[in-house]
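Below is the file run_2.txt, which contains compact mmCIF, C-alpha atoms and all ligand atoms.
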```txt
# COMPACT_ATOMS: atom_id res chain seq x y z
CA MET R 1 -23.32 -10.96 -24.45
CA ASP R 2 -23.52 -13.60 -21.75
CA ALA R 3 -20.61 -14.92 -19.75
CA ALA R 4 -20.12 -18.09 -21.78
CA GLU R 5 -19.96 -16.20 -25.05
CA THR R 6 -17.39 -13.80 -23.68
CA THR R 7 -15.29 -16.67 -22.37
CA ASP R 8 -15.24 -18.27 -25.81
CA ALA R 9 -14.41 -14.98 -27.43
CA VAL R 10 -11.37 -14.66 -25.20
CA THR R 11 -9.71 -17.68 -26.77
CA ASP R 12 -10.97 -17.17 -30.30
CA GLU R 13 -8.00 -15.58 -32.06
CA SER R 14 -9.54 -15.93 -35.51
CA ARG R 15 -11.95 -13.09 -34.80
CA ASP R 16 -9.13 -10.60 -34.39
CA VAL R 17 -9.09 -8.80 -37.69
CA GLY R 18 -9.60 -5.23 -36.48
CA PRO R 19 -7.34 -3.12 -34.27
CA VAL R 20 -5.69 -4.84 -31.33
CA VAL R 21 -6.97 -2.09 -29.11
CA ARG R 22 -9.12 0.95 -29.69
CA ALA R 23 -10.06 3.88 -27.46
CA ASP R 24 -13.17 5.94 -28.23
CA ARG R 25 -13.19 9.35 -26.54
CA VAL R 26 -11.77 7.88 -23.39
CA SER R 27 -11.42 9.99 -20.25
CA ARG R 28 -10.21 9.15 -16.77
CA GLU R 29 -10.94 11.57 -13.98
CA TYR R 30 -9.53 11.38 -10.49
CA ARG R 31 -11.15 13.16 -7.61
CA VAL R 32 -8.73 14.30 -4.93
CA GLY R 33 -10.50 16.20 -2.15
CA SER R 34 -12.76 18.68 -3.87
CA ALA R 35 -10.61 18.92 -7.01
CA THR R 36 -11.02 16.77 -10.12
CA VAL R 37 -8.07 15.91 -12.33
CA ARG R 38 -8.66 14.74 -15.88
CA ALA R 39 -5.62 12.53 -16.29
CA VAL R 40 -6.80 11.41 -19.74
CA ASP R 41 -9.10 13.69 -21.66
CA ARG R 42 -11.24 12.37 -24.54
CA VAL R 43 -8.54 10.36 -26.26
CA SER R 44 -9.43 8.41 -29.39
CA MET R 45 -6.83 6.12 -30.92
CA GLU R 46 -6.26 2.64 -32.21
CA VAL R 47 -3.35 0.29 -32.49
CA ARG R 48 -3.06 -2.15 -35.35
CA ARG R 49 -1.61 -5.62 -35.23
CA GLY R 50 2.18 -5.67 -35.18
CA GLU R 51 2.53 -1.94 -34.54
CA PHE R 52 5.14 -0.48 -32.21
CA LEU R 53 3.67 2.72 -30.82
CA ALA R 54 5.35 5.17 -28.47
CA VAL R 55 3.26 7.41 -26.21
CA THR R 56 5.28 10.43 -25.12
CA GLY R 57 4.55 13.63 -23.23
CA PRO R 58 5.68 15.52 -20.16
CA SER R 59 5.48 14.09 -16.68
CA GLY R 60 1.86 14.05 -15.53
CA SER R 61 0.47 14.19 -19.08
CA GLY R 62 -1.39 10.90 -18.68
CA LYS R 63 0.85 8.30 -20.32
CA SER R 64 0.63 5.74 -17.53
CA THR R 65 -3.08 6.32 -17.09
CA LEU R 66 -3.71 5.78 -20.81
CA LEU R 67 -1.68 2.56 -20.83
CA HIS R 68 -3.64 1.27 -17.86
CA LEU R 69 -6.92 2.06 -19.61
CA LEU R 70 -5.81 0.32 -22.82
CA GLY R 71 -4.87 -2.78 -20.85
CA GLY R 72 -8.07 -2.91 -18.83
CA VAL R 73 -6.11 -2.41 -15.62
CA ASP R 74 -8.09 0.78 -15.03
CA THR R 75 -11.60 1.77 -16.12
CA PRO R 76 -12.45 4.99 -17.98
CA THR R 77 -14.87 7.44 -16.41
CA GLU R 78 -16.10 8.21 -19.95
CA GLY R 79 -15.76 6.62 -23.36
CA ARG R 80 -14.90 3.02 -24.11
CA VAL R 81 -11.96 0.74 -24.75
CA LEU R 82 -12.22 -2.19 -27.15
CA LEU R 83 -9.62 -4.89 -26.73
CA GLY R 84 -9.58 -7.25 -29.69
CA GLY R 85 -12.95 -5.75 -30.65
CA ARG R 86 -14.52 -6.47 -27.27
CA ASP R 87 -15.85 -3.63 -25.16
CA LEU R 88 -14.20 -3.82 -21.74
CA GLY R 89 -16.95 -1.66 -20.24
CA ARG R 90 -19.52 -4.35 -20.99
CA MET R 91 -17.72 -7.05 -19.10
CA ASN R 92 -17.79 -7.75 -15.41
CA GLU R 93 -14.56 -7.66 -13.45
CA ARG R 94 -13.95 -11.38 -13.68
CA GLN R 95 -14.37 -11.44 -17.45
CA ARG R 96 -12.13 -8.41 -17.83
CA GLU R 97 -9.46 -9.95 -15.64
CA LYS R 98 -9.55 -13.17 -17.63
CA LEU R 99 -9.26 -11.31 -20.93
CA ARG R 100 -6.42 -9.22 -19.58
CA LEU R 101 -4.47 -12.20 -18.32
CA ARG R 102 -4.64 -13.88 -21.70
CA ARG R 103 -4.40 -10.92 -24.04
CA VAL R 104 -2.28 -8.23 -22.38
CA GLY R 105 1.31 -8.33 -21.18
CA LEU R 106 2.48 -5.62 -18.80
CA VAL R 107 6.02 -4.33 -18.34
CA PHE R 108 6.84 -1.56 -15.89
CA GLN R 109 9.79 0.68 -15.13
CA ARG R 110 10.46 -1.35 -12.01
CA PHE R 111 10.41 -4.98 -12.76
CA TYR R 112 8.13 -6.37 -10.05
CA LEU R 113 9.78 -9.75 -10.26
CA LEU R 114 9.53 -11.99 -7.23
CA PRO R 115 13.05 -12.01 -5.79
CA ALA R 116 12.79 -15.45 -4.21
CA LEU R 117 11.87 -17.14 -7.49
CA THR R 118 14.24 -17.96 -10.34
CA ALA R 119 13.94 -16.19 -13.68
CA ARG R 120 12.21 -19.27 -15.04
CA GLU R 121 9.74 -19.45 -12.15
CA ASN R 122 8.92 -15.75 -12.54
CA VAL R 123 8.11 -16.29 -16.22
CA GLU R 124 6.02 -19.35 -15.38
CA LEU R 125 3.73 -17.48 -12.98
CA PRO R 126 1.25 -15.94 -15.46
CA MET R 127 1.06 -19.29 -17.27
CA ALA R 128 0.15 -21.00 -14.02
CA GLU R 129 -2.56 -18.38 -13.44
CA ALA R 130 -3.89 -19.05 -16.93
CA GLY R 131 -3.98 -22.76 -16.14
CA SER R 132 -1.31 -24.24 -18.40
CA ASP R 133 0.32 -27.44 -17.19
CA ARG R 134 3.65 -27.69 -15.45
CA LYS R 135 5.67 -29.22 -18.29
CA GLU R 136 4.37 -26.74 -20.85
CA ARG R 137 5.13 -23.84 -18.49
CA HIS R 138 8.65 -25.04 -17.87
CA GLU R 139 9.40 -25.41 -21.57
CA ARG R 140 7.82 -22.17 -22.67
CA ALA R 141 9.57 -20.20 -19.91
CA GLY R 142 12.90 -21.64 -21.10
CA GLU R 143 12.10 -20.71 -24.70
CA LEU R 144 11.05 -17.19 -23.75
CA LEU R 145 14.15 -16.58 -21.68
CA ALA R 146 16.28 -17.77 -24.61
CA ARG R 147 14.22 -15.44 -26.84
CA VAL R 148 15.18 -12.41 -24.74
CA GLY R 149 18.82 -13.49 -24.60
CA LEU R 150 18.84 -15.10 -21.15
CA GLY R 151 19.07 -18.75 -22.06
CA ASP R 152 22.03 -19.05 -19.69
CA ARG R 153 20.36 -17.29 -16.76
CA THR R 154 17.17 -19.29 -16.28
CA GLU R 155 18.01 -20.46 -12.77
CA HIS R 156 19.25 -17.09 -11.53
CA ARG R 157 17.12 -15.12 -9.11
CA PRO R 158 16.45 -11.40 -9.78
CA PRO R 159 19.03 -10.16 -7.22
CA GLN R 160 21.66 -12.14 -9.17
CA LEU R 161 20.81 -10.36 -12.43
CA SER R 162 21.67 -6.91 -13.81
CA GLY R 163 18.98 -4.26 -14.35
CA GLY R 164 18.82 -4.92 -18.08
CA GLN R 165 18.62 -8.66 -17.49
CA ARG R 166 15.81 -8.19 -14.97
CA GLN R 167 13.90 -6.08 -17.47
CA ARG R 168 14.34 -8.89 -20.00
CA VAL R 169 12.90 -11.36 -17.53
CA ALA R 170 9.96 -8.98 -17.01
CA ILE R 171 9.45 -8.83 -20.79
CA ALA R 172 9.62 -12.62 -21.07
CA ARG R 173 7.08 -12.88 -18.26
CA ALA R 174 4.79 -10.38 -20.00
CA LEU R 175 4.96 -12.51 -23.17
CA ALA R 176 4.19 -15.74 -21.32
CA ASN R 177 0.56 -16.08 -22.37
CA ARG R 178 1.20 -14.90 -25.93
CA PRO R 179 -0.52 -11.55 -25.46
CA ALA R 180 -1.88 -9.76 -28.51
CA LEU R 181 -0.88 -6.53 -26.80
CA LEU R 182 2.25 -5.72 -24.82
CA LEU R 183 2.10 -2.53 -22.75
CA ALA R 184 5.38 -1.18 -21.40
CA ASP R 185 5.44 1.84 -19.07
CA GLU R 186 8.89 3.47 -18.96
CA PRO R 187 10.56 0.12 -19.62
CA THR R 188 14.00 1.74 -19.89
CA GLY R 189 13.47 4.28 -17.11
CA GLU R 190 16.02 2.69 -14.83
CA LEU R 191 18.48 1.44 -17.42
CA ASP R 192 21.63 2.97 -18.88
CA ARG R 193 21.83 3.96 -22.51
CA ASP R 194 23.44 0.79 -23.86
CA THR R 195 21.04 -1.45 -21.99
CA SER R 196 18.13 0.69 -23.17
CA ARG R 197 19.27 0.19 -26.75
CA ASP R 198 19.28 -3.55 -26.23
CA ILE R 199 15.70 -3.37 -24.99
CA LEU R 200 14.74 -1.26 -28.02
CA GLU R 201 16.31 -3.90 -30.30
CA LEU R 202 14.34 -6.60 -28.55
CA PHE R 203 11.10 -4.61 -28.97
CA LEU R 204 11.81 -4.07 -32.67
CA ASP R 205 12.48 -7.77 -33.04
CA LEU R 206 9.26 -8.77 -31.26
CA THR R 207 7.08 -6.46 -33.34
CA ARG R 208 8.77 -7.07 -36.72
CA SER R 209 8.40 -10.81 -36.26
CA GLY R 210 4.70 -10.29 -35.58
CA GLU R 211 4.98 -11.90 -32.15
CA THR R 212 3.15 -9.06 -30.49
CA THR R 213 1.88 -5.49 -30.75
CA LEU R 214 3.55 -2.99 -28.49
CA VAL R 215 2.63 0.29 -26.85
CA VAL R 216 5.33 1.97 -24.76
CA GLY R 217 4.94 5.03 -22.58
CA THR R 218 8.31 6.71 -22.42
CA HIS R 219 10.52 9.73 -21.86
CA ASP R 220 13.39 7.97 -23.63
CA ALA R 221 13.91 9.83 -26.93
CA GLU R 222 15.79 6.95 -28.56
CA LEU R 223 13.10 4.48 -27.68
CA ALA R 224 10.39 6.84 -28.96
CA GLU R 225 12.28 7.41 -32.21
CA GLY R 226 12.78 3.70 -32.67
CA ALA R 227 9.04 3.08 -32.54
CA GLY R 228 7.13 2.99 -35.79
CA ARG R 229 4.63 5.61 -34.68
CA GLY R 230 4.31 8.16 -31.90
CA LEU R 231 1.47 9.82 -30.02
CA ARG R 232 2.07 12.76 -27.75
CA LEU R 233 -0.04 13.63 -24.75
CA VAL R 234 -0.25 17.09 -23.21
CA ASP R 235 -2.48 17.54 -20.17
CA GLY R 236 -4.24 14.28 -20.93
CA ARG R 237 -5.10 15.24 -24.49
CA LEU R 238 -3.64 13.99 -27.74
CA ALA R 239 -1.43 16.71 -29.17
CA THR R 240 -1.39 16.96 -32.94
N1 LIG N 1 -4.40 7.58 -8.45
C1 LIG N 1 -4.43 8.87 -8.78
N2 LIG N 1 -5.17 9.75 -8.07
C2 LIG N 1 -5.22 11.03 -8.41
N3 LIG N 1 -4.57 11.57 -9.47
C3 LIG N 1 -3.81 10.77 -10.19
C4 LIG N 1 -3.70 9.37 -9.90
N4 LIG N 1 -2.88 8.81 -10.83
C5 LIG N 1 -2.51 9.80 -11.64
N5 LIG N 1 -3.06 10.98 -11.27
C6 LIG N 1 -2.89 12.28 -11.94
O1 LIG N 1 -3.15 12.09 -13.32
C7 LIG N 1 -2.23 12.80 -14.12
C8 LIG N 1 -1.57 11.86 -15.11
O2 LIG N 1 -0.74 10.95 -14.41
P1 LIG N 1 0.11 9.84 -15.15
O3 LIG N 1 0.76 9.01 -14.11
O4 LIG N 1 -0.77 9.13 -16.11
O5 LIG N 1 1.17 10.71 -15.94
P2 LIG N 1 2.46 10.26 -16.77
O6 LIG N 1 2.39 10.95 -18.08
O7 LIG N 1 2.58 8.80 -16.75
O8 LIG N 1 3.64 10.92 -15.91
P3 LIG N 1 5.17 10.41 -15.71
O9 LIG N 1 5.87 10.77 -16.97
O10 LIG N 1 5.65 11.24 -14.56
O11 LIG N 1 5.14 8.95 -15.43
C9 LIG N 1 -1.29 13.48 -13.15
O12 LIG N 1 -1.67 14.82 -13.02
C10 LIG N 1 -1.47 12.75 -11.87
O13 LIG N 1 -1.24 13.57 -10.77
MG MG N 2 3.98 7.47 -15.99
```

Entire entry expressed as structure tokens:
Amino acid sequence: MDAAETTDAVTDESRDVGPVVRADRVSREYRVGSATVRAVDRVSMEVRRGEFLAVTGPSGSGKSTLLHLLGGVDTPTEGRVLLGGRDLGRMNERQREKLRLRRVGLVFQRFYLLPALTARENVELPMAEAGSDRKERHERAGELLARVGLGDRTEHRPPQLSGGQRQRVAIARALANRPALLLADEPTGELDRDTSRDILELFLDLTRSGETTLVVGTHDAELAEGAGRGLRLVDGRLAT
């Protein structure tokens, strides 16, 4: 596939009939000194449109690594990842980055919001990177913040928001470019139980409405139980 074809494919939603993301015997090895760690070990899985999948497993079992591979943030040492049917391993870095920006939203345990920007400006950032115009960005950011329950906090900066509110801004930001796939790594890791429940409700809402497909990596039992499906990793392998 040449560059032009891939670029067109990125914006062609009508082709997305198969799984949102699929991993075929994917491994990720890290070499540290003379030792090699297989953080993810021959994992095959797929996620269908509108699913809410929880990836659980002990600390160090490979949850974060798997999420990064699914989102094209990291590259497998073996196997392949297909995002919207397109093989990430057959793209160059620029093509992969472009696909990721448009198709994948990322939410982390720590929010990584820019503290000097308002909630609205934080949500606008990925839209600016994707090239949408100023007016459209402003409006969509307002809509997204209202969607996550922060319609009255759009001009607040992250230090003026609670932890749960910051995580909502991070989720709104991750949704900015209407990603087919939302990946959330320990999204409730720093939140109290009530606030975590609110985030779970929001995730259920976003997946039931068909707005996105969600994969969370989590230790939070309530969040994992709330998801429609669970996968468990042990030592990088899928446990059955
Ligand atoms: N950059 C790296 N270099 C070397 N080893 C790494 C690197 N990142 C992760 N690992 C190793 O890969 C394994 C899986 O790590 P990963 O962060 O995916 O686990 P996790 O399931 O997300 O753990 P946690 O629940 O603590 O977040 C661990 O053994 C870890 O030490
Ligand atoms: Mg992790």

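Taking all atoms listed in the file into account, ligand LIG 1 (chain N) has within 6 Å the residues Tyr30, Val32, Ala39, Pro58, Ser59, Gly60, Ser61, Gly62, Lys63, Ser64 and Thr65 of chain R.
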
**Request:** Point out the residue among R:Asp185, R:Glu222, R:Glu143, R:Glu201 with the least atom-to-atom distance to ligand MG 2 (chain N), counting all atoms listed in the file.
**Result:** R:Asp185

For Gly131 of chain R, find every residue with an atom within 12 Å (counting all atoms listed in the file), except residues of its own chain fewer than 6 positions away, and show them as a short mmCIF file (atom, residue, chain, number, x, y, z; two decimals) with C-alpha atoms, keeping the file's coordinate frame.
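That gives us out_5.cif:
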```
data_model
loop_
_atom_site.label_atom_id
_atom_site.label_comp_id
_atom_site.auth_asym_id
_atom_site.auth_seq_id
_atom_site.Cartn_x
_atom_site.Cartn_y
_atom_site.Cartn_z
CA LYS R 98 -9.55 -13.17 -17.63
CA LEU R 101 -4.47 -12.20 -18.32
CA ARG R 102 -4.64 -13.88 -21.70
CA GLU R 124 6.02 -19.35 -15.38
CA LEU R 125 3.73 -17.48 -12.98
CA ARG R 137 5.13 -23.84 -18.49
CA ALA R 176 4.19 -15.74 -21.32
CA ASN R 177 0.56 -16.08 -22.37
#
```

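Among the candidate residues R:Leu67, R:Thr118, R:Gly228, R:Val20, the one lying nearest to Leu181 of chain R is R:Val20, with distances computed using all atoms listed in the file.
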
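Nearest to ligand MG 2 (chain N) of all the residues R:Arg48, R:His219, R:Arg153, R:Arg100 is R:His219, based on all atoms listed in the file.
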
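Those residues that approach Asp198 of chain R to within 12 Å, counting all atoms listed in the file, are Val148, Gly149, Gly163, Gly164, Gln165, Gln167, Arg168, Pro187, Thr188, Leu191, Asp192, Arg193, Asp194, Leu202, Phe203, Leu204, Asp205, Glu222, Leu223 and Gly226 of chain R; same-chain residues fewer than 4 positions away are not listed.
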
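For the atom pair formed by atom CA of Arg157 of chain R and atom CA of Leu114 of chain R, the distance is 8.4 Å, given to one decimal.
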
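The shortest atom-to-atom distance to ligand MG 2 (chain N), with all atoms listed in the file taken into account, belongs to R:Gly57 out of R:Gly79, R:Pro126, R:Gly57, R:Pro159.
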
**Request:** Could you check which of R:Asp74, R:Glu121, R:Asp133, R:Glu186 is closest to Glu155 of chain R, using all atoms listed in the file?
**Result:** R:Glu121

**Request:** Rank R:Phe111, R:Asp235, R:Glu93, R:Glu139 by their smallest atom-to-atom distance to Arg42 of chain R, using all atoms listed in the file, and report the top residue only.
**Result:** R:Asp235

**Message:** I'd like the neighbourhood of Arg166 of chain R as number ranges by chain, where a residue qualifies if any of its atoms comes within 9 Å (using only C-alpha atoms), though same-chain residues fewer than 5 positions away should be ignored.
**Reply:** R: 111, 113, 119, 158-159, 161, 171

**Request:** Just the residues within 7 Å of Arg232 of chain R, please, counting all atoms listed in the file, with nothing from its chain fewer than 4 positions along; format it as number ranges by chain.
**Result:** R: 55-57, 238-239

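Across the model, the gap from atom CA of Asp41 of chain R to atom CA of Arg25 of chain R is 7.7 Å.
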
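From atom CA of Asp24 of chain R back to atom CA of Leu83 of chain R, the distance works out to 11.5 Å.
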
**Asked** What residues have an atom no more than 9 Å from (-3.4, -7.4, -28.0) in the file's own frame, counting only C-alpha atoms, and can you write them as a PyMOL selection string?
**Response** chain R and resi 19-21+47+49+71+83-84+103-105+179-182+212-214

Return as AutoDock Vina command-line options the box centre and box size in Å, one decimal, for an axis-aligned box around all listed atoms of segment 158-171 of chain R padded by 4 Å per side.
```
--center_x 15.6 --center_y -8.2 --center_z -14.0 --size_x 20.2 --size_y 15.9 --size_z 21.6
```
